[in-house]
$ cat my_file_12.cif   # mmCIF, C-alpha atoms and all ligand atoms
data_query
loop_
_atom_site.label_atom_id
_atom_site.label_comp_id
_atom_site.auth_asym_id
_atom_site.auth_seq_id
_atom_site.Cartn_x
_atom_site.Cartn_y
_atom_site.Cartn_z
CA MET A 1 0.00 0.00 0.00
CA THR A 2 1.35 3.46 -0.90
CA THR A 3 1.55 6.30 1.62
CA ILE A 4 -1.27 8.13 -0.17
CA GLU A 5 -3.52 5.04 -0.01
CA GLU A 6 -2.70 4.60 3.65
CA LEU A 7 -3.48 8.25 4.41
CA ARG A 8 -6.71 7.97 2.44
CA GLN A 9 -7.73 5.09 4.72
CA VAL A 10 -6.85 7.10 7.83
CA PHE A 11 -8.94 10.05 6.60
CA SER A 12 -11.86 7.80 5.75
CA TRP A 13 -11.67 6.15 9.21
CA LEU A 14 -11.61 9.59 10.85
CA LYS A 15 -14.64 10.61 8.84
CA GLU A 16 -16.52 7.50 9.99
CA GLN A 17 -15.61 8.26 13.60
CA LEU A 18 -16.96 11.80 13.28
CA VAL A 19 -20.19 10.53 11.72
CA THR A 20 -20.57 8.02 14.58
CA TYR A 21 -20.01 10.83 17.10
CA ARG A 22 -22.80 12.81 15.48
CA GLU A 23 -25.15 9.80 15.36
CA LEU A 24 -24.59 9.24 19.07
CA GLY A 25 -25.51 12.88 19.69
CA LEU A 26 -21.96 13.72 20.79
CA GLU A 27 -20.04 16.80 19.82
CA PRO A 28 -16.98 15.98 17.71
CA PRO A 29 -13.65 16.99 19.28
CA PRO A 30 -13.15 20.74 18.82
CA LEU A 31 -10.40 21.71 16.40
CA SER A 32 -8.40 24.89 16.68
CA GLN A 33 -8.76 27.57 14.01
CA ARG A 34 -5.20 26.78 12.88
CA THR A 35 -5.93 23.09 12.45
CA VAL A 36 -9.14 23.78 10.53
CA GLN A 37 -7.23 26.15 8.22
CA TYR A 38 -4.50 23.54 7.74
CA LEU A 39 -7.03 20.83 6.88
CA MET A 40 -8.84 23.10 4.43
CA LEU A 41 -5.68 24.17 2.67
CA CYS A 42 -3.33 21.23 2.87
CA GLY A 43 -4.68 18.32 4.74
CA THR A 44 -6.01 16.17 1.93
CA PRO A 45 -4.22 12.97 1.02
CA GLU A 46 -3.60 14.39 -2.46
CA ASN A 47 -1.64 17.27 -0.99
CA MET A 48 0.50 15.13 1.29
CA GLY A 49 4.10 15.26 0.20
CA LYS A 50 3.53 18.50 -1.73
CA LYS A 51 4.87 21.80 -0.50
CA GLN A 52 2.77 23.29 2.28
CA LEU A 53 1.50 26.85 2.01
CA ALA A 54 3.97 28.13 4.61
CA GLU A 55 6.91 26.82 2.59
CA ILE A 56 5.92 28.51 -0.67
CA SER A 57 8.05 31.46 -1.72
CA SER A 58 7.13 32.22 -5.34
CA LEU A 59 3.92 33.17 -7.11
CA GLU A 60 4.38 30.28 -9.56
CA ASP A 61 4.54 27.76 -6.70
CA LEU A 62 1.54 29.39 -5.04
CA ARG A 63 -0.47 29.15 -8.26
CA ALA A 64 0.51 25.48 -8.56
CA PHE A 65 -0.46 24.90 -4.93
CA ILE A 66 -3.92 26.38 -5.45
CA GLY A 67 -4.39 24.22 -8.56
CA GLN A 68 -7.99 23.71 -9.72
CA CYS A 69 -9.15 24.62 -6.24
CA THR A 70 -12.35 23.10 -4.86
CA ARG A 71 -11.87 24.31 -1.30
CA CYS A 72 -15.06 26.40 -1.31
CA PRO A 73 -18.34 26.12 -3.25
CA LEU A 74 -17.43 28.97 -5.61
CA HIS A 75 -15.45 26.55 -7.75
CA GLU A 76 -18.73 25.06 -8.98
CA GLY A 77 -19.77 28.02 -11.12
CA ARG A 78 -16.43 29.39 -12.28
CA LYS A 79 -15.05 29.22 -15.79
CA ASN A 80 -11.58 30.31 -14.73
CA LEU A 81 -9.85 30.83 -11.44
CA VAL A 82 -8.49 34.40 -11.41
CA PHE A 83 -5.18 34.30 -9.57
CA GLY A 84 -3.95 37.86 -10.18
CA GLU A 85 -1.45 39.43 -12.53
CA GLY A 86 1.27 42.02 -12.77
CA ASN A 87 4.79 42.65 -11.59
CA PRO A 88 5.78 40.03 -9.00
CA ARG A 89 8.01 42.71 -7.44
CA ALA A 90 5.43 45.47 -7.63
CA ARG A 91 5.72 48.37 -5.21
CA LEU A 92 1.95 48.74 -5.31
CA VAL A 93 -0.74 46.03 -5.17
CA PHE A 94 -4.42 46.70 -5.85
CA VAL A 95 -6.79 44.33 -4.09
CA GLY A 96 -10.40 44.11 -5.25
CA GLU A 97 -13.30 41.93 -4.22
CA ALA A 98 -13.84 39.05 -6.64
CA PRO A 99 -13.83 38.35 -10.38
CA GLY A 100 -16.87 39.47 -12.36
CA ARG A 101 -18.27 38.01 -15.57
CA GLU A 102 -15.51 39.18 -17.92
CA GLU A 103 -12.75 38.33 -15.47
CA ASP A 104 -14.21 34.84 -15.08
CA ILE A 105 -14.22 34.36 -18.86
CA MET A 106 -10.71 35.77 -19.38
CA GLY A 107 -9.10 34.41 -16.22
CA GLN A 108 -7.63 37.88 -15.53
CA PRO A 109 -8.47 40.44 -12.85
CA PHE A 110 -10.08 43.80 -13.65
CA VAL A 111 -10.59 43.43 -17.39
CA GLY A 112 -14.24 44.58 -17.59
CA GLU A 113 -15.47 48.15 -17.60
CA ALA A 114 -14.39 48.73 -13.99
CA GLY A 115 -11.01 47.22 -14.86
CA ARG A 116 -10.56 49.60 -17.76
CA LEU A 117 -11.26 52.48 -15.39
CA LEU A 118 -8.67 51.12 -12.96
CA THR A 119 -6.16 50.91 -15.83
CA ARG A 120 -6.84 54.57 -16.68
CA ILE A 121 -6.27 55.54 -13.03
CA ILE A 122 -2.96 53.67 -13.03
CA GLU A 123 -1.75 54.87 -16.43
CA ASN A 124 -3.25 58.34 -16.90
CA GLY A 125 -3.50 59.29 -13.24
CA MET A 126 -0.44 57.74 -11.66
CA GLY A 127 1.82 57.72 -14.69
CA LEU A 128 2.59 54.01 -14.29
CA ARG A 129 1.99 51.10 -16.63
CA ARG A 130 -0.59 48.50 -15.63
CA GLU A 131 2.14 45.86 -15.73
CA ASP A 132 4.20 47.84 -13.18
CA VAL A 133 1.69 47.11 -10.42
CA TYR A 134 0.06 43.88 -9.25
CA ILE A 135 -3.71 43.43 -9.38
CA CYS A 136 -5.69 40.74 -7.60
CA ASN A 137 -8.82 40.04 -5.59
CA VAL A 138 -9.67 38.66 -2.17
CA ILE A 139 -11.71 35.89 -3.80
CA LYS A 140 -10.33 34.04 -6.82
CA CYS A 141 -13.54 32.56 -8.26
CA ARG A 142 -16.61 34.46 -9.41
CA PRO A 143 -19.56 34.38 -6.99
CA PRO A 144 -22.78 33.51 -8.85
CA GLY A 145 -24.54 36.60 -10.21
CA ASN A 146 -21.73 38.77 -8.76
CA ARG A 147 -23.22 38.44 -5.27
CA ASP A 148 -21.09 39.40 -2.26
CA PRO A 149 -18.81 36.56 -1.22
CA GLU A 150 -19.87 34.82 2.00
CA THR A 151 -17.73 35.06 5.12
CA LYS A 152 -16.75 31.40 4.90
CA GLU A 153 -15.70 31.79 1.26
CA VAL A 154 -13.56 34.80 2.17
CA GLN A 155 -11.98 32.92 5.08
CA THR A 156 -11.17 29.96 2.86
CA CYS A 157 -9.61 31.99 0.05
CA LEU A 158 -7.90 34.69 2.12
CA PRO A 159 -4.76 32.69 3.00
CA PHE A 160 -3.90 32.67 -0.72
CA LEU A 161 -4.02 36.47 -0.88
CA GLN A 162 -2.04 36.72 2.35
CA LYS A 163 0.63 34.52 0.80
CA GLN A 164 0.60 36.52 -2.45
CA LEU A 165 1.22 39.72 -0.48
CA GLU A 166 3.89 38.03 1.63
CA ILE A 167 5.72 36.99 -1.56
CA ILE A 168 5.35 40.31 -3.43
CA LYS A 169 6.11 42.47 -0.36
CA PRO A 170 4.68 45.67 -1.85
CA GLU A 171 5.37 49.06 -0.29
CA VAL A 172 1.66 49.93 -0.46
CA ILE A 173 -1.61 48.02 -0.80
CA CYS A 174 -4.53 49.89 -2.30
CA ILE A 175 -7.81 48.30 -1.23
CA LEU A 176 -10.69 48.69 -3.66
CA GLY A 177 -14.08 48.67 -1.96
CA ARG A 178 -15.86 47.38 1.10
CA ILE A 179 -15.42 43.63 0.72
CA ALA A 180 -11.65 43.86 0.33
CA GLY A 181 -11.51 46.34 3.20
CA GLN A 182 -13.43 44.04 5.53
CA ALA A 183 -11.34 41.03 4.50
CA LEU A 184 -8.02 42.75 5.18
CA LEU A 185 -8.87 45.26 7.90
CA GLY A 186 -11.70 43.59 9.81
CA ARG A 187 -15.48 43.37 9.86
CA ASP A 188 -15.84 46.88 11.30
CA PHE A 189 -14.33 48.43 8.18
CA LYS A 190 -16.70 50.89 6.48
CA ILE A 191 -15.69 52.18 3.08
CA THR A 192 -17.45 55.55 3.41
CA GLN A 193 -15.82 56.15 6.80
CA ASP A 194 -12.41 54.53 6.37
CA ARG A 195 -11.43 55.29 2.77
CA GLY A 196 -8.59 57.74 2.46
CA LYS A 197 -7.11 56.74 5.85
CA TRP A 198 -3.87 54.81 6.16
CA SER A 199 -3.98 51.40 7.88
CA GLU A 200 -1.71 48.36 7.89
CA PHE A 201 -1.97 44.75 6.78
CA GLN A 202 0.86 42.32 7.54
CA GLY A 203 3.00 45.39 8.30
CA ILE A 204 2.30 46.91 4.86
CA PRO A 205 0.69 50.38 4.60
CA VAL A 206 -2.85 50.13 3.24
CA MET A 207 -4.91 52.83 1.55
CA PRO A 208 -8.58 51.96 1.05
CA THR A 209 -10.60 53.68 -1.65
CA PHE A 210 -13.83 53.13 -3.56
CA HIS A 211 -14.08 50.24 -6.02
CA PRO A 212 -13.94 51.37 -9.68
CA ALA A 213 -17.35 49.71 -10.25
CA TYR A 214 -18.77 52.14 -7.65
CA LEU A 215 -17.10 55.01 -9.50
CA LEU A 216 -18.87 54.00 -12.70
CA ARG A 217 -22.20 54.26 -10.89
CA ASN A 218 -21.25 57.37 -8.90
CA PRO A 219 -19.00 59.66 -10.94
CA ARG A 220 -18.95 62.17 -8.08
CA ALA A 221 -16.78 59.72 -6.14
CA LYS A 222 -13.96 60.34 -8.63
CA ARG A 223 -12.64 63.27 -6.64
CA PRO A 224 -12.19 61.40 -3.31
CA VAL A 225 -10.66 58.45 -5.19
CA TRP A 226 -8.18 60.76 -6.88
CA GLU A 227 -7.29 62.24 -3.47
CA ASP A 228 -6.70 58.71 -2.08
CA ILE A 229 -4.61 57.78 -5.11
CA GLN A 230 -2.52 60.93 -4.67
CA LYS A 231 -1.76 59.82 -1.09
CA VAL A 232 -0.54 56.50 -2.50
CA MET A 233 1.58 58.34 -5.07
CA ASP A 234 3.05 60.51 -2.34
CA ARG A 235 3.93 57.43 -0.27
CA LEU A 236 5.63 55.87 -3.28
CA GLY A 237 7.44 59.12 -4.13
CA LEU A 238 5.71 59.42 -7.50
CA PRO A 239 5.37 62.87 -9.05
CA GLY A 240 1.92 64.36 -8.54
CA GLY A 241 1.34 62.93 -5.06
CA ARG A 242 -0.07 65.06 -2.29
CA THR A 243 1.87 65.60 0.87
CA ASN A 244 -0.94 66.24 3.32
CA GLY A 245 -2.10 62.59 3.66
S1 LIG B 301 -12.78 31.11 -4.28
FE1 LIG B 301 -10.75 30.58 -3.50
S2 LIG B 301 -11.09 28.95 -1.99
FE2 LIG B 301 -12.93 29.11 -3.27
S3 LIG B 301 -12.63 27.61 -4.89
FE3 LIG B 301 -11.89 29.59 -5.67
S4 LIG B 301 -9.69 29.60 -5.19
FE4 LIG B 301 -10.62 27.96 -3.96
#

$ encode --input "my_file_12.cif" --output "structure tokens"
Amino acid sequence: MTTIEELRQVFSWLKEQLVTYRELGLEPPPLSQRTVQYLMLCGTPENMGKKQLAEISSLEDLRAFIGQCTRCPLHEGRKNLVFGEGNPRARLVFVGEAPGREEDIMGQPFVGEAGRLLTRIIENGMGLRREDVYICNVIKCRPPGNRDPETKEVQTCLPFLQKQLEIIKPEVICILGRIAGQALLGRDFKITQDRGKWSEFQGIPVMPTFHPAYLLRNPRAKRPVWEDIQKVMDRLGLPGGRTNG
């Protein structure tokens, strides 16, 4: 018997034990948050022997680790998993919410109308090229009908984004919208209240601003977004930044 077959048997036995516990009306043994996260990300027999998330140090290895992920129900409706794209050594990372219809079809982040607006902000506003920065989302598979991702889906996918940011080590993260803000800065985050204010995630300065899709619906929000972007530019020492942020 191979190691994988043996481990498969152990997992199946454990599953039976847990079912028996439930049938007897007993609570299964409580697992720590860390153990649950480990089991969700790594602890399948198929992943045994592969690199664990903590050991990964390149975006290519991380993408291979995620594979054709089925760790949350969002895999069921996706056409493509949208990992993220851009400069792996980017000084600036934009983090949005989740892929939309066009992103799901193309397998790339921010390629729809909102994405084109983000590209204009980067290129015309900041004077950078889109490929100079890194663009990704909290959630890597499109939620059906573009609904908000559920808390459990965010929790399951978030370790991948955390790892991406750990690998890229940007100087600034620009959060786009409420969902990304709540995922990285906590459930109390409110976009209308907290945009434009510096925070930190994994020791990296974070500037939250409105999502470009919101800008398309509310053109008046362009001014505050431009002010937030100027603060980012100032932090990065780019010409045109404002110094009062
Ligand atoms: S959303 Fe994230 S956790 Fe869920 S299936 Fe896609 S990659 Fe996996």

$ closest_residue --input "my_file_12.cif" --among "A:Gly96, A:Gly84, A:Gly67, A:Gly127" --to "Ala114 of chain A" --atoms "all atoms listed in the file"
A:Gly96

$ closest_residue --input "my_file_12.cif" --among "A:Cys69, A:Ala183, A:Leu236, A:Ile56" --to "ligand LIG 301 (chain B)" --atoms "only C-alpha atoms and all ligand atoms"
A:Cys69

$ residues_around --input "my_file_12.cif" --residues "Val172 of chain A" --least-positions-apart "4" --cutoff "8 Å" --atoms "all atoms listed in the file" --output "MDAnalysis selection string"
chainID A and resid 91:93 204:207 232 235:236

$ closest_residue --input "my_file_12.cif" --among "A:Ile191, A:Leu74, A:Leu118, A:Ile173" --to "ligand LIG 301 (chain B)" --atoms "all atoms listed in the file"
A:Leu74

$ residues_around --input "my_file_12.cif" --residues "segment 131-136 of chain A" --least-positions-apart "5" --cutoff "10 Å" --atoms "all atoms listed in the file" --output "MDAnalysis selection string"
chainID A and resid 82:99 108:110 115 118:119 122:123 161 164:165 168 170 173:174

$ residues_near_ligand --input "my_file_12.cif" --ligand "ligand LIG 301 (chain B)" --cutoff "10 Å" --atoms "all atoms listed in the file" --output "MDAnalysis selection string"
chainID A and resid 40:41 63 66:78 80:83 98:99 137:143 149 152:161

$ atom_distance --input "my_file_12.cif" --atom1 "atom CA of Gln230 of chain A" --atom2 "atom CA of Gly186 of chain A"
24.4 Å

$ atom_distance --input "my_file_12.cif" --atom1 "atom CA of Pro239 of chain A" --atom2 "atom CA of Ser199 of chain A"
22.5 Å

$ axis_aligned_box --input "my_file_12.cif" --around "segment 160-172 of chain A" --padding-each-side "6 Å" --output "AutoDock Vina command-line options"
--center_x 1.0 --center_y 41.3 --center_z -0.5 --size_x 22.1 --size_y 29.3 --size_z 17.8

$ atom_distance --input "my_file_12.cif" --atom1 "atom CA of Thr209 of chain A" --atom2 "atom CA of Met233 of chain A"
13.5 Å

$ closest_residue --input "my_file_12.cif" --among "A:Ile179, A:Trp13, A:Gly125, A:Lys79" --to "Met106 of chain A" --atoms "only C-alpha atoms"
A:Lys79

$ residues_near_point --input "my_file_12.cif" --point "(-9.7, 56.5, 5.3)" --cutoff "10 Å" --atoms "only C-alpha atoms" --output "number ranges by chain"
A: 189-199, 206-209, 228, 245

$ closest_residue --input "my_file_12.cif" --among "A:Ile105, A:Leu24, A:Ile167, A:Leu128" --to "Ser57 of chain A" --atoms "all atoms listed in the file"
A:Ile167
